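Below: entry.pdb (PDB, C-alpha atoms)
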ATOM      1  CA  MET A   1      99.253  94.616 126.111
ATOM      2  CA  SER A   2     100.852  91.185 126.452
ATOM      3  CA  HIS A   3     103.609  89.808 124.239
ATOM      4  CA  GLN A   4     101.114  87.398 122.669
ATOM      5  CA  GLU A   5      98.530  90.110 122.050
ATOM      6  CA  ARG A   6     101.079  92.386 120.385
ATOM      7  CA  LEU A   7     102.478  89.677 118.109
ATOM      8  CA  SER A   8     101.754  90.180 114.415
ATOM      9  CA  PHE A   9     102.933  88.540 111.203
ATOM     10  CA  GLY A  10     103.379  90.049 107.768
ATOM     11  CA  LEU A  11     105.132  89.323 104.500
ATOM     12  CA  LYS A  12     107.532  91.147 102.220
ATOM     13  CA  THR A  13     107.742  90.826  98.453
ATOM     14  CA  THR A  14     110.987  92.273  97.151
ATOM     15  CA  PRO A  15     109.957  93.670  93.741
ATOM     16  CA  MET A  16     113.116  92.489  91.946
ATOM     17  CA  HIS A  17     113.311  89.871  89.162
ATOM     18  CA  VAL A  18     109.575  89.188  89.478
ATOM     19  CA  ASP A  19     106.473  90.115  87.495
ATOM     20  CA  TYR A  20     103.927  92.613  88.747
ATOM     21  CA  ASP A  21     101.175  90.021  88.400
ATOM     22  CA  ASP A  22     103.016  87.665  90.763
ATOM     23  CA  ILE A  23     103.372  90.376  93.409
ATOM     24  CA  LEU A  24      99.693  91.262  93.039
ATOM     25  CA  ARG A  25      98.733  87.574  93.354
ATOM     26  CA  VAL A  26     100.610  87.221  96.641
ATOM     27  CA  TRP A  27      99.210  90.434  98.111
ATOM     28  CA  GLN A  28      95.644  89.593  97.176
ATOM     29  CA  GLU A  29      96.020  86.111  98.627
ATOM     30  CA  ALA A  30      97.405  87.643 101.832
ATOM     31  CA  ASP A  31      94.552  90.130 101.967
ATOM     32  CA  GLY A  32      92.173  87.198 102.402
ATOM     33  CA  ILE A  33      94.187  85.384 105.098
ATOM     34  CA  PRO A  34      93.720  87.034 108.523
ATOM     35  CA  GLU A  35      96.830  85.440 110.034
ATOM     36  CA  ILE A  36      98.879  87.786 107.813
ATOM     37  CA  GLU A  37      98.299  91.327 109.052
ATOM     38  CA  HIS A  38     100.720  93.457 107.039
ATOM     39  CA  ALA A  39     102.602  93.447 103.717
ATOM     40  CA  TRP A  40     105.747  95.265 102.586
ATOM     41  CA  LEU A  41     107.834  96.292  99.596
ATOM     42  CA  TRP A  42     111.280  97.867  99.541
ATOM     43  CA  ASP A  43     112.798 101.045  98.055
ATOM     44  CA  HIS A  44     115.520 100.365  95.498
ATOM     45  CA  LEU A  45     115.919 101.341  91.863
ATOM     46  CA  LEU A  46     118.381  98.671  90.690
ATOM     47  CA  PRO A  47     118.514  94.957  91.599
ATOM     48  CA  LEU A  48     120.737  94.249  94.600
ATOM     49  CA  ALA A  49     121.237  90.614  93.571
ATOM     50  CA  GLY A  50     120.975  88.494  90.447
ATOM     51  CA  PRO A  51     121.252  89.835  86.884
ATOM     52  CA  LYS A  52     122.003  93.548  86.833
ATOM     53  CA  GLU A  53     119.647  94.039  83.900
ATOM     54  CA  GLY A  54     116.729  92.384  85.720
ATOM     55  CA  LYS A  55     113.377  94.052  86.228
ATOM     56  CA  ILE A  56     112.592  96.056  89.358
ATOM     57  CA  TYR A  57     109.690  98.342  90.264
ATOM     58  CA  GLU A  58     109.611 101.691  92.036
ATOM     59  CA  GLY A  59     108.313 101.132  95.542
ATOM     60  CA  TRP A  60     105.800 103.895  96.225
ATOM     61  CA  THR A  61     104.174 103.656  92.803
ATOM     62  CA  LEU A  62     103.772  99.916  93.246
ATOM     63  CA  LEU A  63     102.516 100.355  96.805
ATOM     64  CA  SER A  64      99.774 102.688  95.611
ATOM     65  CA  ALA A  65      98.621 100.129  93.036
ATOM     66  CA  LEU A  66      98.554  97.365  95.641
ATOM     67  CA  ALA A  67      96.767  99.591  98.153
ATOM     68  CA  ALA A  68      93.990 100.120  95.617
ATOM     69  CA  GLN A  69      93.591  96.367  95.082
ATOM     70  CA  THR A  70      93.575  95.209  98.715
ATOM     71  CA  SER A  71      91.254  96.104 101.560
ATOM     72  CA  ARG A  72      92.603  94.774 104.877
ATOM     73  CA  LEU A  73      96.395  94.550 105.022
ATOM     74  CA  LYS A  74      98.449  97.224 106.704
ATOM     75  CA  LEU A  75     101.121  98.139 104.181
ATOM     76  CA  GLY A  76     104.303 100.076 103.596
ATOM     77  CA  LEU A  77     107.902 100.130 102.392
ATOM     78  CA  LEU A  78     110.514  98.369 104.496
ATOM     79  CA  VAL A  79     112.003 100.896 104.359
ATOM     80  CA  THR A  80     111.756 104.105 102.350
ATOM     81  CA  SER A  81     115.132 105.608 101.480
ATOM     82  CA  ASN A  82     115.273 109.156 102.786
ATOM     83  CA  ARG A  83     117.798 110.009 100.074
ATOM     84  CA  ILE A  84     115.550 109.475  97.039
ATOM     85  CA  ARG A  85     112.720 111.997  97.535
ATOM     86  CA  GLN A  86     112.506 115.439  99.101
ATOM     87  CA  PRO A  87     110.774 115.176 102.496
ATOM     88  CA  ALA A  88     107.669 117.210 101.675
ATOM     89  CA  VAL A  89     107.235 115.409  98.346
ATOM     90  CA  LEU A  90     107.485 112.119 100.224
ATOM     91  CA  GLY A  91     104.911 113.395 102.703
ATOM     92  CA  LYS A  92     102.475 114.127  99.894
ATOM     93  CA  ILE A  93     103.089 110.727  98.283
ATOM     94  CA  ALA A  94     102.579 108.938 101.595
ATOM     95  CA  THR A  95      99.427 110.890 102.362
ATOM     96  CA  THR A  96      98.004 109.931  98.983
ATOM     97  CA  VAL A  97      98.747 106.238  99.538
ATOM     98  CA  ASP A  98      97.227 106.405 103.013
ATOM     99  CA  VAL A  99      94.014 107.881 101.599
ATOM    100  CA  VAL A 100      93.922 105.344  98.755
ATOM    101  CA  SER A 101      94.330 102.526 101.295
ATOM    102  CA  ARG A 102      91.654 103.978 103.613
ATOM    103  CA  GLY A 103      94.184 104.529 106.385
ATOM    104  CA  ARG A 104      96.254 101.333 106.220
ATOM    105  CA  LEU A 105      99.692 102.865 105.624
ATOM    106  CA  VAL A 106     102.588 102.304 108.019
ATOM    107  CA  MET A 107     105.269 104.907 107.268
ATOM    108  CA  GLY A 108     108.516 102.948 106.964
ATOM    109  CA  LEU A 109     111.634 105.138 106.848
ATOM    110  CA  GLY A 110     115.376 104.654 106.820
ATOM    111  CA  VAL A 111     118.459 106.829 106.386
ATOM    112  CA  GLY A 112     119.001 105.670 102.785
ATOM    113  CA  GLY A 113     122.192 105.901 100.770
ATOM    114  CA  THR A 114     125.265 106.807 102.777
ATOM    115  CA  HIS A 115     128.963 106.084 102.440
ATOM    116  CA  GLN A 116     129.453 102.582 103.848
ATOM    117  CA  PRO A 117     132.340 100.089 103.793
ATOM    118  CA  ALA A 118     132.077  96.854 101.825
ATOM    119  CA  GLY A 119     130.045  94.209 103.613
ATOM    120  CA  ALA A 120     128.004  96.672 105.685
ATOM    121  CA  GLY A 121     124.537  95.563 106.749
ATOM    122  CA  GLY A 122     125.294  91.906 106.172
ATOM    123  CA  ILE A 123     125.380  92.349 102.366
ATOM    124  CA  ALA A 124     128.565  90.927 100.858
ATOM    125  CA  GLY A 125     130.643  93.037  98.514
ATOM    126  CA  ASP A 126     130.791  96.738  97.762
ATOM    127  CA  ASN A 127     128.045  99.076  98.928
ATOM    128  CA  PRO A 128     125.300  98.475  96.296
ATOM    129  CA  ALA A 129     124.024 102.019  96.776
ATOM    130  CA  ILE A 130     127.068 103.357  94.908
ATOM    131  CA  ALA A 131     125.986 102.020  91.502
ATOM    132  CA  GLU A 132     122.302 102.586  92.236
ATOM    133  CA  TYR A 133     122.697 106.238  93.139
ATOM    134  CA  GLU A 134     125.107 106.952  90.278
ATOM    135  CA  ALA A 135     122.621 105.421  87.828
ATOM    136  CA  TYR A 136     119.789 107.650  89.018
ATOM    137  CA  GLY A 137     121.688 110.891  89.629
ATOM    138  CA  LEU A 138     121.457 110.656  93.422
ATOM    139  CA  THR A 139     124.178 111.446  95.924
ATOM    140  CA  LEU A 140     125.499 109.442  98.849
ATOM    141  CA  VAL A 141     126.178 111.377 102.039
ATOM    142  CA  PRO A 142     128.179 110.688 105.209
ATOM    143  CA  PRO A 143     126.234 108.664 107.795
ATOM    144  CA  GLY A 144     125.972 111.570 110.242
ATOM    145  CA  GLU A 145     124.449 113.783 107.587
ATOM    146  CA  GLY A 146     122.075 111.021 106.534
ATOM    147  CA  ILE A 147     120.786 110.665 110.089
ATOM    148  CA  ALA A 148     120.383 114.435 110.498
ATOM    149  CA  ARG A 149     118.429 114.568 107.237
ATOM    150  CA  LEU A 150     116.187 111.730 108.413
ATOM    151  CA  ASP A 151     115.475 113.589 111.624
ATOM    152  CA  GLU A 152     114.363 116.645 109.637
ATOM    153  CA  THR A 153     112.203 114.473 107.375
ATOM    154  CA  VAL A 154     110.373 112.966 110.347
ATOM    155  CA  ARG A 155     109.697 116.410 111.785
ATOM    156  CA  ILE A 156     108.404 117.641 108.414
ATOM    157  CA  LEU A 157     106.126 114.620 107.936
ATOM    158  CA  LYS A 158     104.586 114.983 111.385
ATOM    159  CA  ARG A 159     103.844 118.656 110.766
ATOM    160  CA  MET A 160     102.400 117.948 107.300
ATOM    161  CA  TRP A 161     100.045 115.441 108.866
ATOM    162  CA  THR A 162      98.867 117.659 111.726
ATOM    163  CA  GLU A 163      99.176 121.349 110.817
ATOM    164  CA  LYS A 164      97.180 123.455 108.377
ATOM    165  CA  GLU A 165     100.157 125.470 107.136
ATOM    166  CA  PHE A 166     103.739 125.844 108.307
ATOM    167  CA  ASP A 167     107.260 126.959 107.475
ATOM    168  CA  PHE A 168     110.302 124.811 108.199
ATOM    169  CA  GLU A 169     113.885 125.995 108.451
ATOM    170  CA  GLY A 170     116.311 123.146 108.972
ATOM    171  CA  ARG A 171     119.974 122.600 108.226
ATOM    172  CA  TYR A 172     119.180 120.646 105.057
ATOM    173  CA  TYR A 173     115.562 121.414 104.130
ATOM    174  CA  THR A 174     113.571 124.636 103.955
ATOM    175  CA  LEU A 175     109.811 124.912 103.388
ATOM    176  CA  LYS A 176     107.691 128.038 103.143
ATOM    177  CA  GLY A 177     103.924 127.877 103.397
ATOM    178  CA  ASN A 178     103.588 124.083 103.231
ATOM    179  CA  ARG A 179      99.992 122.895 103.039
ATOM    180  CA  ASN A 180      99.008 119.242 102.815
ATOM    181  CA  GLU A 181      95.378 118.430 102.144
ATOM    182  CA  PRO A 182      93.757 116.057 102.568
ATOM    183  CA  LYS A 183      95.348 114.886 105.766
ATOM    184  CA  PRO A 184      95.998 111.158 106.340
ATOM    185  CA  VAL A 185      93.004 109.118 107.449
ATOM    186  CA  ARG A 186      94.210 108.590 111.031
ATOM    187  CA  PRO A 187      94.541 111.672 113.249
ATOM    188  CA  GLY A 188      98.234 112.455 113.561
ATOM    189  CA  GLY A 189      99.138 110.402 110.522
ATOM    190  CA  PRO A 190     100.300 106.810 109.942
ATOM    191  CA  PRO A 191     102.358 104.907 112.514
ATOM    192  CA  LEU A 192     106.071 105.544 112.021
ATOM    193  CA  LEU A 193     108.481 102.640 111.525
ATOM    194  CA  ILE A 194     112.206 103.399 111.394
ATOM    195  CA  GLY A 195     114.662 100.774 110.187
ATOM    196  CA  GLY A 196     118.331 100.639 111.145
ATOM    197  CA  TRP A 197     120.699  99.509 113.872
ATOM    198  CA  GLY A 198     123.416 102.111 114.413
ATOM    199  CA  ASP A 199     123.574 103.976 117.706
ATOM    200  CA  ARG A 200     122.553 107.320 116.213
ATOM    201  CA  THR A 201     119.703 105.784 114.242
ATOM    202  CA  LEU A 202     118.442 104.057 117.388
ATOM    203  CA  ARG A 203     118.406 107.441 119.126
ATOM    204  CA  LEU A 204     116.062 108.671 116.377
ATOM    205  CA  VAL A 205     113.919 105.582 116.859
ATOM    206  CA  ALA A 206     113.648 106.359 120.565
ATOM    207  CA  GLU A 207     112.665 109.943 119.849
ATOM    208  CA  HIS A 208     110.161 109.422 117.047
ATOM    209  CA  ALA A 209     109.164 105.866 116.098
ATOM    210  CA  ASP A 210     106.265 103.591 116.938
ATOM    211  CA  ILE A 211     108.061 100.544 115.471
ATOM    212  CA  TRP A 212     111.757  99.678 115.123
ATOM    213  CA  ASN A 213     112.767  97.306 112.331
ATOM    214  CA  VAL A 214     116.017  95.406 111.845
ATOM    215  CA  PRO A 215     117.017  92.719 109.323
ATOM    216  CA  GLY A 216     117.148  89.319 110.989
ATOM    217  CA  PRO A 217     119.116  86.180 110.148
ATOM    218  CA  PRO A 218     121.085  85.673 107.961
ATOM    219  CA  HIS A 219     121.947  89.399 107.763
ATOM    220  CA  ASN A 220     122.123  89.962 111.539
ATOM    221  CA  ARG A 221     122.556  87.312 114.238
ATOM    222  CA  LEU A 222     120.077  86.992 117.070
ATOM    223  CA  ASP A 223     122.582  88.033 119.747
ATOM    224  CA  TYR A 224     123.414  91.200 117.809
ATOM    225  CA  ILE A 225     119.718  92.084 117.436
ATOM    226  CA  VAL A 226     119.213  91.570 121.183
ATOM    227  CA  GLU A 227     122.192  93.825 121.923
ATOM    228  CA  ARG A 228     120.829  96.522 119.590
ATOM    229  CA  SER A 229     117.433  96.281 121.267
ATOM    230  CA  ARG A 230     119.106  96.946 124.609
ATOM    231  CA  VAL A 231     120.780 100.034 123.137
ATOM    232  CA  LEU A 232     117.354 101.236 122.038
ATOM    233  CA  ASP A 233     116.052 100.643 125.567
ATOM    234  CA  ALA A 234     118.870 102.789 126.945
ATOM    235  CA  HIS A 235     118.118 105.611 124.512
ATOM    236  CA  CYS A 236     114.462 105.497 125.542
ATOM    237  CA  ARG A 237     115.328 105.707 129.229
ATOM    238  CA  ALA A 238     117.707 108.608 128.556
ATOM    239  CA  ILE A 239     114.878 110.710 127.109
ATOM    240  CA  GLY A 240     112.224 109.523 129.534
ATOM    241  CA  ARG A 241     110.326 107.248 127.181
ATOM    242  CA  ASP A 242     108.987 103.820 128.084
ATOM    243  CA  PRO A 243     110.873 101.322 125.858
ATOM    244  CA  ALA A 244     107.727  99.167 125.731
ATOM    245  CA  GLU A 245     106.048 101.868 123.629
ATOM    246  CA  ILE A 246     108.215 100.883 120.645
ATOM    247  CA  GLN A 247     107.325  97.611 118.956
ATOM    248  CA  ARG A 248     110.309  95.534 117.839
ATOM    249  CA  SER A 249     110.136  94.393 114.212
ATOM    250  CA  VAL A 250     112.338  91.973 112.294
ATOM    251  CA  GLN A 251     112.620  90.748 108.714
ATOM    252  CA  VAL A 252     113.235  87.031 108.177
ATOM    253  CA  ILE A 253     113.989  85.495 104.769
ATOM    254  CA  VAL A 254     111.970  82.281 104.634
ATOM    255  CA  SER A 255     113.047  78.999 103.100
ATOM    256  CA  TYR A 256     110.588  77.263 100.787
ATOM    257  CA  GLU A 257     112.292  73.935 101.565
ATOM    258  CA  ASP A 258     112.419  73.858 105.366
ATOM    259  CA  ASP A 259     109.355  74.928 107.336
ATOM    260  CA  GLU A 260     110.830  73.658 110.604
ATOM    261  CA  ALA A 261     113.903  75.843 110.153
ATOM    262  CA  ASN A 262     111.604  78.812 109.508
ATOM    263  CA  ARG A 263     109.680  78.108 112.706
ATOM    264  CA  ARG A 264     112.891  77.698 114.697
ATOM    265  CA  VAL A 265     114.286  81.070 113.608
ATOM    266  CA  VAL A 266     111.021  82.922 114.186
ATOM    267  CA  ARG A 267     110.509  81.162 117.543
ATOM    268  CA  GLU A 268     113.911  82.404 118.725
ATOM    269  CA  LEU A 269     113.189  85.957 117.580
ATOM    270  CA  ILE A 270     109.833  86.023 119.353
ATOM    271  CA  GLY A 271     111.539  84.674 122.468
ATOM    272  CA  ALA A 272     113.968  87.597 122.284
ATOM    273  CA  GLY A 273     111.126  90.110 122.374
ATOM    274  CA  LEU A 274     110.489  90.776 118.685
ATOM    275  CA  THR A 275     106.745  90.898 118.070
ATOM    276  CA  HIS A 276     106.367  92.374 114.569
ATOM    277  CA  ILE A 277     107.507  89.539 112.302
ATOM    278  CA  VAL A 278     107.962  90.139 108.562
ATOM    279  CA  LEU A 279     108.412  86.970 106.494
ATOM    280  CA  SER A 280     110.408  87.952 103.418
ATOM    281  CA  LEU A 281     109.681  85.817 100.367
ATOM    282  CA  PRO A 282     112.468  84.867  97.951
ATOM    283  CA  ARG A 283     111.597  85.558  94.342
ATOM    284  CA  GLY A 284     109.626  82.930  92.481
ATOM    285  CA  TYR A 285     106.606  82.862  94.787
ATOM    286  CA  PRO A 286     104.982  79.397  94.844
ATOM    287  CA  GLN A 287     101.242  79.159  94.360
ATOM    288  CA  GLY A 288      99.444  79.262  97.695
ATOM    289  CA  ILE A 289     102.545  80.455  99.557
ATOM    290  CA  VAL A 290     100.653  82.765 101.903
ATOM    291  CA  ARG A 291      98.316  80.006 103.068
ATOM    292  CA  ARG A 292     101.399  77.863 103.645
ATOM    293  CA  LEU A 293     103.068  80.579 105.736
ATOM    294  CA  ALA A 294      99.963  80.773 107.894
ATOM    295  CA  ASP A 295      99.632  76.994 108.286
ATOM    296  CA  GLU A 296     103.300  76.123 108.747
ATOM    297  CA  ILE A 297     104.706  79.126 110.627
ATOM    298  CA  VAL A 298     102.114  81.500 112.057
ATOM    299  CA  ASN A 299      99.476  79.139 113.443
ATOM    300  CA  PRO A 300     101.893  76.601 114.982
ATOM    301  CA  LEU A 301     103.879  79.327 116.738
ATOM    302  CA  ARG A 302     100.763  81.044 118.042
ATOM    303  CA  ALA A 303      99.542  77.673 119.345
ATOM    304  CA  GLU A 304     102.886  77.149 121.136
ATOM    305  CA  LEU A 305     102.674  80.550 122.797
ATOM    306  CA  ALA A 306      99.074  79.982 123.844
ATOM    307  CA  ALA A 307     100.026  76.660 125.455
ATOM    308  CA  ALA A 308     103.081  78.019 127.252
TER     309      ALA A 308
END

Structure rendered as C-alpha cells:
Amino acid sequence: MSHQERLSFGLKTTPMHVDYDDILRVWQEADGIPEIEHAWLWDHLLPLAGPKEGKIYEGWTLLSALAAQTSRLKLGLLVTSNRIRQPAVLGKIATTVDVVSRGRLVMGLGVGGTHQPAGAGGIAGDNPAIAEYEAYGLTLVPPGEGIARLDETVRILKRMWTEKEFDFEGRYYTLKGNRNEPKPVRPGGPPLLIGGWGDRTLRLVAEHADIWNVPGPPHNRLDYIVERSRVLDAHCRAIGRDPAEIQRSVQVIVSYEDDEANRRVVRELIGAGLTHIVLSLPRGYPQGIVRRLADEIVNPLRAELAAA
C-alpha cells in the first residue's frame, strides 16, 4: 500500500470544559464527511488545563454514546489509561463498544499514570496525573511497572477476543476461567493502537501494535518524532517484524485562526512518514468546523500529494 493510499485523517475532541451536545454535534458532522475517517476522545478524570472545577466526561462511557449515534467513523480513545481499569474489565467494556459501533472500534492504549518529572510529555508543570489519581483513589506506579502492566493487558485483551475460555497468570494480573461473549465484530478483535514514545514503550509497539501514536507539535518537535520512529523501526527489525506493518499516527492541535499554518505542520508530518493524522480541536468548536478541516487541510494536502 502506498503512502498516499494509507493516509487517513481524523479528529479529536478533548471532552474537557465543553458540553456533551457540542461534542455530539462535531462527531455527527464528521460522520457525514468522508474526508474524516476516524474520531477520538481521551481518558482523563480531571481537567488538565483551565479551571480545575471545569466539566469533564469519562471517556469510555462517552465513546459508547457517540458510537450509538454515528454509523461510519472509526473511533476510540487516544489513549486509554491502563492504570484506571482492570484489564479484563477494560476488555469487556471495549468489546461492548465495538459491538455497539458495529465493529468500528480502534483499541487505543497507553501506559497511563506513572511517576514522571515535571514537564514530561511536553506538558508544563508538575505531573497532572498526581492530583488526578489522588482524587479518584488510583495509584501511580514506576514507569517500568507501568509498561509491564500494559504488556499483560494487551495479552489479556487478545485472548479475550479470540479464545472461548482461559486462565491468565501474570506478574500483576491473574484471571481464572475468563469468558468474553459476544466477541468483537472483527475476527481477532479491533486494531490495536499504542501511544507513547519511550524506548520500552516502543518495544511493546513493535511486538503488539497495528498503529503507533505520538503527540505532535507543539508537544513534540518533528525531529524528535522522526528519531522515535527510527527507534521503533529498530525494535521491529530486532524481533523480525516489518516496520511498514505499523502505521505511524500523530496528534496535531489545530489553530482556528491560521489554516496555512495547520497545513504546513501536517504537510511536514506526512513528509516524515506519518500517515494517520489526528486533528485535535481546541475547546469551543466553531459551527461547521469539520467541513472546514476537510476543505482547508485534508483536501488541499491530498491534492498536493496526488500532483507530486

Counting all atoms listed in the file, which residues in segment 64-131 of chain A sit no more than 10 Å from segment 164-180 of chain A? For each one, give the nearest pair of atoms and the distance in Å, sorted by chain then residue number, as a Markdown table.
| residue | atom | partner | partner_atom | distance |
| --- | --- | --- | --- | --- |
| A:Gln86 | CA | A:Tyr173 | CA | 8.4 |
| A:Pro87 | CA | A:Tyr173 | CA | 8.0 |
| A:Ala88 | CA | A:Asn178 | CA | 8.1 |
| A:Gly91 | CA | A:Asn180 | CA | 8.3 |
| A:Lys92 | CA | A:Asn180 | CA | 6.8 |
| A:Thr95 | CA | A:Asn180 | CA | 8.4 |

Output of the above residues as an mmCIF file, keeping the file's coordinate frame, restricted to C-alpha atoms:
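Now in out-v6.cif:
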data_model
loop_
_atom_site.group_PDB
_atom_site.id
_atom_site.type_symbol
_atom_site.label_atom_id
_atom_site.label_comp_id
_atom_site.auth_asym_id
_atom_site.auth_seq_id
_atom_site.Cartn_x
_atom_site.Cartn_y
_atom_site.Cartn_z
ATOM 1 C CA GLN A 86 112.506 115.439 99.101
ATOM 2 C CA PRO A 87 110.774 115.176 102.496
ATOM 3 C CA ALA A 88 107.669 117.210 101.675
ATOM 4 C CA GLY A 91 104.911 113.395 102.703
ATOM 5 C CA LYS A 92 102.475 114.127 99.894
ATOM 6 C CA THR A 95 99.427 110.890 102.362
#

Once the PyMOL selection byres ((chain A and resi 251) around 10) has been evaluated on this model, what residues remain selected, and can you format them as a list of chain:residue names?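 Written out, the selection comes to A:Gly10, A:Leu11, A:Lys12, A:Leu78, A:Asn213, A:Val214, A:Pro215, A:Gly216, A:Pro217, A:Pro218, A:His219, A:Asn220, A:Ser249, A:Val250, A:Val252, A:Ile253, A:Val254, A:Val266, A:His276, A:Ile277, A:Val278, A:Leu279, A:Ser280.
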
For the point (117.2, 108.6, 113.0) in the file's frame, write as a list of chain:residue names all residues with an atom no more than 10 Å away, counting only C-alpha atoms.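 Within 10 Å of (117.2, 108.6, 113.0), the protein and nucleic acid residues are A:Leu109, A:Gly110, A:Val111, A:Gly144, A:Gly146, A:Ile147, A:Ala148, A:Arg149, A:Leu150, A:Asp151, A:Glu152, A:Thr153, A:Val154, A:Ile194, A:Gly195, A:Gly196, A:Trp197, A:Gly198, A:Asp199, A:Arg200, A:Thr201, A:Leu202, A:Arg203, A:Leu204, A:Val205, A:Ala206, A:Glu207, A:His208, A:Ala209.
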
Counting all atoms listed in the file, figure out which residue out of A:Asp31, A:Glu268, A:Asp19, A:Asp210 gets nearest to Leu62 of chain A.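 Using all atoms listed in the file, Leu62 of chain A sits closest to A:Asp19.
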
Can you spell out as a ChimeraX atom specification the set of residues that the PyMOL selection byres ((chain A and resi 130) around 10) selects in the structure I just provided? /A:113-116,126-129,131-135,138-140
